[in-house]
Amino acid sequence: MEKLEPTGKSETCEGSSDNFLAKQFSKFTEINKKYAKPQIKMTPMVRIALLGLRIYLIVLVLVLVYKFFTLIRV
Amino acid sequence: MNYVSRFYYQYRRVIKALQLYLLIAGPGLIVMIADNDAGGITTYAATGAKFGYALIWFLVLLGPVAYYVQEMTVRLGAVTKHGHAEAIFAAFGPFWGWFSLLDLSLVNWLTLITEFIGMTAALSIFNIPPVFTVIIVIGIMMFMVMQGRYWTWEKLAMFFCLLNLVYIPAAFMVHPSVGSILQKGIIPNLPGGLTATLIFFLMANIGTTIAPWMIFFQQSAVVDKGMGKKDIPWGRLDTILGAVFTVVVAIFIVIVTGTVLYGMEISSAAQASTAMMGTYPLVGTLLAIGLFDAGLLGAICISLASSWAFGEVFGWAHSLNKRIREAPWFYAYYFFAIITAGLVVLIPNAPLVLITLFVQVIAVTLLPAALVFLILLLNNEEIMGEYRNTTVQNVVSITIVIGIISLSTLYAFSVLFPEIFA
């Protein structure tokens, strides 16, 4: 029975590391849930600003990807 | 007797106001002066060397620009008692929240590397090996936060802010012509016409004036300091003084390099400092000290901006008023960021120039988002109440934000595709 103790302990350690990872992952889920509903009132001005931002970022990312591939080709 | 009592009353009033200001002072001054970080010093030194005093008027204009943006963070922080990262999560949801948080941590970490590059270059002028510089800097930065008091950290940071003034005596030592400065620098002009090089320099100067970390830093600092709605006027004064301070320092750097190194191509502030050593050794030394100090101040603020942002979102204890055991994750992130950034600089043949260029490009992905969110939040009556932006404030701040976004985007494009601006 005594020989089983270390195994038991290692299982506890693995269990705790699993718990740790699960805890961290659940933290992300918790944050997503906490802020799921945006507090800001979605007025036309807010919608236009956010849409403009999305388009801006998409264009910028595309330019960066283009630059990255042209650099690699060189 | 009446005059004496009146004078004494006014004197007591001024002293009390000064004492109150000294209690509230900090976030605005520190963020503005830290804005003159290693990259900023390089930009100003290069501007002076390239155009002499001709662009001083432009630097004067940048003061109000920085003030208008940063003043909004004071109001937002004082009213909501939340940092900018948390405010974005709460107002715009997880998509924009995670985007801002992750982008901020990447930009800040890369900027932190550039601060270490500046600091190691500055101290290498005094034959101090980079490894020692990195150890010294990490030691100072750890010491500053380990006291477990925001007040102590802030006063130490303000001491480093004062060191930023070394450029003022340096400028007097090179005996610039005051008449020439006033004649060439004060009246707005475009030296050599609107050339690609001039546009590049104008964009670079704007890029150093408003950085994404500044918005996150000042708002979090306002919250950590415990400033409330009643402190907003003092926060404004603090920010105005900081803006004046940062412009004055920038002008004096331009005067130094514009007087001594005019016509020289300067690619780094350390190079300017070395070039000064031949003719003005003391000025060269002061420039190197100033560069080190600028990098250190930048590093202090940037690393804290990230730690505060993560702390707010993840719900960790995230105050400089807490000791390490009370806020382990907050300090762990802070130490992790500074140690890893310091180590990158020590990697032999690390692509440091590429990193410096990359920072300017990546910052442009975050800056527009941070500024747009700031304006939207400041216009929300439910969040801001009577402290929401007025029409005049909106006209000014939206114009500034559009200008900053356009020019910083152009700057990123000029870094990515230099042939377009050649």
# chains A, B, ... in the order shown; residues from 1 in each chain; ligands from 1

call {"tool": "closest_atom_pairs", "arguments": {"of": "chain B", "to": "chain A", "cutoff": "9 Å", "atoms": "only C-alpha atoms", "output": "CSV"}}
result
residue,atom,partner,partner_atom,distance
B:Phe89,CA,A:Tyr35,CA,6.0
B:Ala90,CA,A:Tyr35,CA,5.5
B:Ala91,CA,A:Gln39,CA,4.5
B:Phe92,CA,A:Pro38,CA,4.7
B:Gly93,CA,A:Pro38,CA,4.7
B:Pro94,CA,A:Asn32,CA,5.6
B:Phe95,CA,A:Asn32,CA,8.7
B:Gly97,CA,A:Tyr35,CA,8.8
B:Val313,CA,A:Ile31,CA,7.4
B:Phe314,CA,A:Ile31,CA,7.2
B:Val361,CA,A:Leu64,CA,8.8
B:Val364,CA,A:Leu60,CA,8.8
B:Thr365,CA,A:Leu57,CA,6.5
B:Pro368,CA,A:Leu53,CA,7.5
B:Ala369,CA,A:Leu53,CA,6.6
B:Val372,CA,A:Ala49,CA,7.2
B:Phe373,CA,A:Leu50,CA,8.8
B:Leu376,CA,A:Val46,CA,6.8
B:Leu377,CA,A:Ile40,CA,7.9
B:Asn380,CA,A:Ile40,CA,7.3
B:Glu382,CA,A:Ile40,CA,8.3
B:Ile383,CA,A:Ile40,CA,8.3
B:Thr409,CA,A:Leu60,CA,8.9
B:Phe413,CA,A:Val63,CA,8.9
B:Leu416,CA,A:Lys67,CA,7.2
B:Phe417,CA,A:Lys67,CA,8.4

call {"tool": "residues_around", "arguments": {"residues": "stretch 148-151 of chain B", "least_positions_apart": "4", "cutoff": "8 Å", "atoms": "only C-alpha atoms", "output": "PyMOL selection string"}}
result
chain B and resi 155+224-225+319-324

call {"tool": "write_last_selection", "arguments": {"atoms": "N, CA and C atoms", "output": "mmCIF file, in the first residue's frame"}}
result
data_model
loop_
_atom_site.group_PDB
_atom_site.id
_atom_site.type_symbol
_atom_site.label_atom_id
_atom_site.label_comp_id
_atom_site.auth_asym_id
_atom_site.auth_seq_id
_atom_site.Cartn_x
_atom_site.Cartn_y
_atom_site.Cartn_z
ATOM 1 N N LYS B 155 7.273 59.331 -7.129
ATOM 2 C CA LYS B 155 8.297 60.339 -6.841
ATOM 3 C C LYS B 155 9.638 59.936 -7.454
ATOM 4 N N ASP B 224 -5.036 54.256 -10.343
ATOM 5 C CA ASP B 224 -4.195 53.730 -9.258
ATOM 6 C C ASP B 224 -3.894 54.801 -8.221
ATOM 7 N N LYS B 225 -3.785 56.030 -8.664
ATOM 8 C CA LYS B 225 -3.520 57.143 -7.736
ATOM 9 C C LYS B 225 -4.756 57.490 -6.915
ATOM 10 N N SER B 319 -2.185 47.005 -8.346
ATOM 11 C CA SER B 319 -1.882 48.361 -7.877
ATOM 12 C C SER B 319 -0.456 48.404 -7.367
ATOM 13 N N LEU B 320 0.175 49.551 -7.598
ATOM 14 C CA LEU B 320 1.529 49.736 -7.066
ATOM 15 C C LEU B 320 1.474 49.924 -5.551
ATOM 16 N N ASN B 321 0.267 50.101 -5.011
ATOM 17 C CA ASN B 321 0.123 50.200 -3.566
ATOM 18 C C ASN B 321 0.125 48.821 -2.907
ATOM 19 N N LYS B 322 0.189 47.781 -3.731
ATOM 20 C CA LYS B 322 0.204 46.424 -3.168
ATOM 21 C C LYS B 322 1.630 45.871 -3.251
ATOM 22 N N ARG B 323 1.980 45.059 -2.291
ATOM 23 C CA ARG B 323 3.301 44.430 -2.302
ATOM 24 C C ARG B 323 3.275 43.222 -3.231
ATOM 25 N N ILE B 324 4.469 42.675 -3.501
ATOM 26 C CA ILE B 324 4.559 41.591 -4.486
ATOM 27 C C ILE B 324 3.686 40.394 -4.090
#

call {"tool": "residues_around", "arguments": {"residues": "B:Glu115", "least_positions_apart": "2", "cutoff": "7 Å", "atoms": "only C-alpha atoms", "output": "MDAnalysis selection string"}}
result
chainID B and resid 38 111:113 117:119 295:296 298:299

call {"tool": "residues_around", "arguments": {"residues": "B:Pro191", "least_positions_apart": "6", "cutoff": "12 Å", "atoms": "only C-alpha atoms", "output": "ChimeraX atom specification"}}
result
/B:47-48,50-58,184-185,197-199,201-202

call {"tool": "write_last_selection", "arguments": {"atoms": "all heavy atoms", "output": "CSV table (one decimal), in the first residue's frame"}}
result
chain,number,residue,atom,x,y,z
B,47,THR,N,15.9,65.4,-36.3
B,47,THR,CA,15.2,66.5,-36.9
B,47,THR,C,16.0,67.8,-36.9
B,47,THR,O,16.1,68.5,-37.9
B,47,THR,CB,13.8,66.8,-36.1
B,47,THR,OG1,13.1,65.6,-36.2
B,47,THR,CG2,13.0,67.9,-36.7
B,48,GLY,N,16.7,68.0,-35.7
B,48,GLY,CA,17.6,69.2,-35.6
B,48,GLY,C,18.7,69.1,-36.5
B,48,GLY,O,19.1,70.1,-37.2
B,50,LYS,N,18.9,67.5,-39.3
B,50,LYS,CA,18.5,67.6,-40.7
B,50,LYS,C,18.0,69.0,-41.1
B,50,LYS,O,18.4,69.5,-42.2
B,50,LYS,CB,17.4,66.6,-41.0
B,50,LYS,CG,16.9,66.4,-42.4
B,50,LYS,CD,17.8,65.6,-43.2
B,50,LYS,CE,17.5,65.5,-44.6
B,50,LYS,NZ,18.5,64.9,-45.4
B,51,PHE,N,17.2,69.6,-40.3
B,51,PHE,CA,16.5,70.8,-40.7
B,51,PHE,C,16.9,72.0,-39.8
B,51,PHE,O,16.3,73.1,-39.9
B,51,PHE,CB,15.0,70.7,-40.6
B,51,PHE,CG,14.5,69.6,-41.6
B,51,PHE,CD1,14.1,68.4,-41.1
B,51,PHE,CD2,14.4,69.9,-42.9
B,51,PHE,CE1,13.6,67.4,-42.0
B,51,PHE,CE2,13.9,68.9,-43.8
B,51,PHE,CZ,13.5,67.7,-43.3
B,52,GLY,N,17.9,71.8,-38.9
B,52,GLY,CA,18.3,72.9,-38.0
B,52,GLY,C,17.1,73.3,-37.1
B,52,GLY,O,16.4,72.5,-36.6
B,53,TYR,N,16.9,74.7,-37.0
B,53,TYR,CA,15.8,75.1,-36.1
B,53,TYR,C,14.4,75.2,-36.8
B,53,TYR,O,13.4,75.6,-36.2
B,53,TYR,CB,16.1,76.5,-35.6
B,53,TYR,CG,17.5,76.7,-35.0
B,53,TYR,CD1,18.3,77.8,-35.3
B,53,TYR,CD2,18.1,75.7,-34.2
B,53,TYR,CE1,19.5,78.0,-34.8
B,53,TYR,CE2,19.3,75.9,-33.6
B,53,TYR,CZ,20.1,77.0,-34.0
B,53,TYR,OH,21.3,77.2,-33.4
B,54,ALA,N,14.4,74.9,-38.1
B,54,ALA,CA,13.3,75.2,-39.0
B,54,ALA,C,12.0,74.6,-38.5
B,54,ALA,O,10.9,75.1,-38.9
B,54,ALA,CB,13.6,74.9,-40.4
B,55,LEU,N,12.0,73.5,-37.8
B,55,LEU,CA,10.8,72.8,-37.4
B,55,LEU,C,10.4,72.9,-36.0
B,55,LEU,O,9.5,72.2,-35.5
B,55,LEU,CB,10.9,71.3,-37.8
B,55,LEU,CG,10.9,70.9,-39.3
B,55,LEU,CD1,10.9,69.4,-39.5
B,55,LEU,CD2,9.7,71.5,-40.0
B,56,ILE,N,11.0,73.9,-35.3
B,56,ILE,CA,10.6,74.1,-33.9
B,56,ILE,C,9.1,74.5,-33.8
B,56,ILE,O,8.4,74.0,-32.9
B,56,ILE,CB,11.5,75.3,-33.3
B,56,ILE,CG1,12.9,74.7,-33.1
B,56,ILE,CG2,10.9,75.8,-32.0
B,56,ILE,CD1,13.9,75.7,-32.5
B,57,TRP,N,8.6,75.3,-34.7
B,57,TRP,CA,7.2,75.7,-34.7
B,57,TRP,C,6.3,74.5,-34.7
B,57,TRP,O,5.2,74.4,-34.0
B,57,TRP,CB,6.9,76.6,-35.9
B,57,TRP,CG,7.0,75.9,-37.2
B,57,TRP,CD1,8.2,75.9,-37.9
B,57,TRP,CD2,6.0,75.2,-37.9
B,57,TRP,NE1,8.0,75.1,-39.1
B,57,TRP,CE2,6.6,74.7,-39.1
B,57,TRP,CE3,4.7,74.8,-37.7
B,57,TRP,CZ2,6.0,73.9,-40.0
B,57,TRP,CZ3,4.0,74.1,-38.6
B,57,TRP,CH2,4.7,73.6,-39.8
B,58,PHE,N,6.7,73.4,-35.4
B,58,PHE,CA,5.9,72.2,-35.5
B,58,PHE,C,5.9,71.5,-34.1
B,58,PHE,O,4.8,71.0,-33.7
B,58,PHE,CB,6.5,71.3,-36.6
B,58,PHE,CG,5.6,70.1,-36.9
B,58,PHE,CD1,4.4,70.3,-37.5
B,58,PHE,CD2,6.0,68.8,-36.5
B,58,PHE,CE1,3.6,69.2,-37.8
B,58,PHE,CE2,5.2,67.7,-36.8
B,58,PHE,CZ,4.0,67.9,-37.4
B,184,LYS,N,14.2,81.6,-37.6
B,184,LYS,CA,14.0,80.4,-38.4
B,184,LYS,C,12.9,79.4,-37.8
B,184,LYS,O,12.3,78.6,-38.5
B,184,LYS,CB,15.3,79.6,-38.6
B,184,LYS,CG,16.3,80.4,-39.4
B,184,LYS,CD,17.6,79.6,-39.5
B,184,LYS,CE,18.7,80.4,-40.2
B,184,LYS,NZ,20.0,79.8,-40.1
B,185,GLY,N,12.8,79.4,-36.5
B,185,GLY,CA,12.1,78.4,-35.8
B,185,GLY,C,10.6,78.7,-35.5
B,185,GLY,O,9.8,77.8,-35.4
B,197,THR,N,11.2,63.8,-47.7
B,197,THR,CA,12.0,63.7,-46.5
B,197,THR,C,11.3,64.5,-45.4
B,197,THR,O,11.2,64.1,-44.2
B,197,THR,CB,13.4,64.3,-46.7
B,197,THR,OG1,13.9,63.7,-48.0
B,197,THR,CG2,14.3,64.0,-45.6
B,198,LEU,N,10.8,65.7,-45.8
B,198,LEU,CA,10.2,66.6,-44.8
B,198,LEU,C,8.9,65.9,-44.2
B,198,LEU,O,8.7,65.8,-43.0
B,198,LEU,CB,9.8,67.9,-45.4
B,198,LEU,CG,9.1,68.9,-44.4
B,198,LEU,CD1,10.0,69.3,-43.3
B,198,LEU,CD2,8.6,70.1,-45.1
B,199,ILE,N,8.1,65.3,-45.1
B,199,ILE,CA,6.9,64.6,-44.7
B,199,ILE,C,7.2,63.5,-43.7
B,199,ILE,O,6.6,63.3,-42.7
B,199,ILE,CB,6.1,64.1,-45.9
B,199,ILE,CG1,5.6,65.3,-46.7
B,199,ILE,CG2,4.9,63.2,-45.5
B,199,ILE,CD1,5.0,64.9,-48.1
B,201,PHE,N,9.8,63.2,-41.8
B,201,PHE,CA,10.2,63.8,-40.5
B,201,PHE,C,9.0,64.3,-39.7
B,201,PHE,O,8.9,64.1,-38.5
B,201,PHE,CB,11.2,64.9,-40.6
B,201,PHE,CG,12.6,64.3,-40.6
B,201,PHE,CD1,13.2,63.8,-41.8
B,201,PHE,CD2,13.3,64.2,-39.4
B,201,PHE,CE1,14.5,63.3,-41.7
B,201,PHE,CE2,14.6,63.7,-39.4
B,201,PHE,CZ,15.2,63.2,-40.5
B,202,LEU,N,8.0,65.0,-40.4
B,202,LEU,CA,6.8,65.5,-39.7
B,202,LEU,C,6.0,64.3,-39.1
B,202,LEU,O,5.6,64.3,-38.0
B,202,LEU,CB,5.9,66.3,-40.7
B,202,LEU,CG,6.5,67.6,-41.2
B,202,LEU,CD1,5.5,68.2,-42.1
B,202,LEU,CD2,6.9,68.5,-40.1

call {"tool": "residues_around", "arguments": {"residues": "B:Leu367", "least_positions_apart": "2", "cutoff": "9 Å", "atoms": "only C-alpha atoms", "output": "VMD selection string"}}
result
chain B and resid 210 to 213 363 to 365 369 to 372 404 to 405 408

call {"tool": "write_last_selection", "arguments": {"atoms": "C-alpha atoms", "output": "mmCIF file, in the first residue's frame"}}
result
data_model
loop_
_atom_site.group_PDB
_atom_site.id
_atom_site.type_symbol
_atom_site.label_atom_id
_atom_site.label_comp_id
_atom_site.auth_asym_id
_atom_site.auth_seq_id
_atom_site.Cartn_x
_atom_site.Cartn_y
_atom_site.Cartn_z
ATOM 1 C CA ILE B 210 1.168 60.126 -29.278
ATOM 2 C CA ALA B 211 1.811 56.447 -28.635
ATOM 3 C CA PRO B 212 -0.826 53.838 -27.715
ATOM 4 C CA TRP B 213 0.807 53.019 -24.375
ATOM 5 C CA ALA B 363 1.847 50.629 -33.209
ATOM 6 C CA VAL B 364 -0.294 51.872 -36.099
ATOM 7 C CA THR B 365 -2.583 48.855 -35.747
ATOM 8 C CA ALA B 369 -8.425 51.743 -32.258
ATOM 9 C CA ALA B 370 -7.327 53.224 -28.913
ATOM 10 C CA LEU B 371 -8.093 56.772 -30.086
ATOM 11 C CA VAL B 372 -11.466 55.911 -31.627
ATOM 12 C CA ILE B 404 -2.840 61.459 -36.099
ATOM 13 C CA ILE B 405 -4.375 58.355 -37.697
ATOM 14 C CA SER B 408 0.827 57.667 -38.493
#

call {"tool": "residues_around", "arguments": {"residues": "B:Ser100", "least_positions_apart": "4", "cutoff": "7 Å", "atoms": "only C-alpha atoms", "output": "MDAnalysis selection string"}}
result
chainID B and resid 96 104 366
